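First comes the structure, then the notes that go with it.
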Amino acid sequence: MASIIQRKGPKGTLVWQAQIRKSGFPTQIKTFKRKGDAQKWARKIEHEIEAGHWKDTKEASKVTFAKA
């Protein structure tokens, strides 16, 4: 189950952080301006993990266009 917490973001604004911790998978964390968006993202990722469709894109997102 995901944890949704309110935090101070850049410039002191309040943001919502979704954190998903599931055994056997890396922790997923993402920050949103609205709580509803955080909840929707968390449900989507949890569903993908349970259905076996989730893929870790962390390394792929680090590749720049110049490197490709």
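Quick note on naming: the chains in the structure tokens go A, B, ... in the order shown, residues restart at 1 in each chain, and ligands are numbered from 1 in order of appearance.
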**Q.** chain A: residues DSSP assigns to helix (DSSP H, G or I), reported as a PyMOL selection string
**A.** chain A and resi 10-12+35-51+58-61
**Q.** Contacts of A:Ile4 at 8 Å (only C-alpha atoms; same-chain gap of 4+ positions) as a list in words
**A.** Trp16, Gln17, Ala18, Gln19, Lys35, Ala38 and Gln39 of chain A
The selected residues should be written to file as a CSV table (one decimal), in the first residue's frame (atoms: C-alpha atoms).
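And here's selection-v7.csv as it stands now:
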chain,number,residue,atom,x,y,z
A,16,TRP,CA,2.1,15.7,-1.8
A,17,GLN,CA,4.6,12.8,-2.0
A,18,ALA,CA,3.5,9.3,-2.9
A,19,GLN,CA,5.8,6.4,-1.8
A,35,LYS,CA,-3.3,14.9,-3.3
A,38,ALA,CA,-0.6,11.4,-5.9
A,39,GLN,CA,-3.3,8.9,-5.0
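Between atom CA of A:Asp56 and atom CA of A:Ile20 the interatomic distance comes to 13.1 Å.
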Q) How would you write, as an NGL selection string, the set of residues in chain A that DSSP gives as strand (DSSP E)? A) :A and (2-8 or 14-20 or 28-32)
Could you turn the residues from that selection into a file that holds N, CA and C atoms, as a CSV table (one decimal), in the first residue's frame?
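Dumped to selection_15.csv:
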chain,number,residue,atom,x,y,z
A,2,ALA,N,0.4,2.2,-0.7
A,2,ALA,CA,1.2,3.5,-0.8
A,2,ALA,C,1.0,4.4,0.4
A,3,SER,N,2.0,5.2,0.7
A,3,SER,CA,2.0,6.2,1.7
A,3,SER,C,1.9,7.5,1.0
A,4,ILE,N,0.9,8.4,1.4
A,4,ILE,CA,0.8,9.7,0.8
A,4,ILE,C,1.0,10.7,1.9
A,5,ILE,N,2.0,11.5,1.8
A,5,ILE,CA,2.2,12.5,2.9
A,5,ILE,C,2.4,13.9,2.3
A,6,GLN,N,2.0,14.9,3.1
A,6,GLN,CA,2.2,16.3,2.7
A,6,GLN,C,3.5,16.8,3.2
A,7,ARG,N,4.3,17.5,2.3
A,7,ARG,CA,5.6,18.0,2.6
A,7,ARG,C,5.7,19.4,2.1
A,8,LYS,N,6.8,20.1,2.6
A,8,LYS,CA,7.1,21.4,2.1
A,8,LYS,C,8.0,21.2,0.8
A,14,LEU,N,3.4,23.7,-0.3
A,14,LEU,CA,3.0,22.4,0.1
A,14,LEU,C,2.8,21.5,-1.1
A,15,VAL,N,3.4,20.3,-1.0
A,15,VAL,CA,3.3,19.3,-2.0
A,15,VAL,C,2.9,17.9,-1.4
A,16,TRP,N,2.5,17.0,-2.2
A,16,TRP,CA,2.1,15.7,-1.8
A,16,TRP,C,3.1,14.7,-2.4
A,17,GLN,N,3.6,13.8,-1.5
A,17,GLN,CA,4.6,12.8,-2.0
A,17,GLN,C,4.0,11.4,-1.8
A,18,ALA,N,4.0,10.7,-2.9
A,18,ALA,CA,3.5,9.3,-2.9
A,18,ALA,C,4.7,8.4,-2.8
A,19,GLN,N,4.7,7.4,-1.9
A,19,GLN,CA,5.8,6.4,-1.8
A,19,GLN,C,5.2,5.0,-1.8
A,20,ILE,N,5.7,4.2,-2.7
A,20,ILE,CA,5.3,2.8,-2.8
A,20,ILE,C,6.4,1.9,-2.4
A,28,GLN,N,9.3,3.3,-5.0
A,28,GLN,CA,8.9,4.3,-6.0
A,28,GLN,C,8.4,5.5,-5.2
A,29,ILE,N,9.0,6.7,-5.6
A,29,ILE,CA,8.6,7.9,-4.9
A,29,ILE,C,8.3,9.0,-6.0
A,30,LYS,N,7.2,9.7,-5.9
A,30,LYS,CA,6.9,10.8,-6.8
A,30,LYS,C,6.2,11.9,-6.1
A,31,THR,N,6.4,13.1,-6.4
A,31,THR,CA,5.8,14.3,-5.8
A,31,THR,C,4.9,15.0,-6.7
A,32,PHE,N,3.7,15.4,-6.1
A,32,PHE,CA,2.7,16.1,-6.9
A,32,PHE,C,2.2,17.3,-6.2
Q) How many Å separate atom CA of A:Lys55 from atom CA of A:Met1? A)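 If I compute the distance from atom CA of A:Lys55 to atom CA of A:Met1, I get 18.1 Å.
Across A:Ala42, A:Ile49, A:Pro10, A:Arg34, the tightest approach to A:Lys22 is made by A:Ile49 when counting only C-alpha atoms.
Coordinates place atom CA of A:Lys33 at a distance of 18.0 Å from atom CA of A:Ile45.
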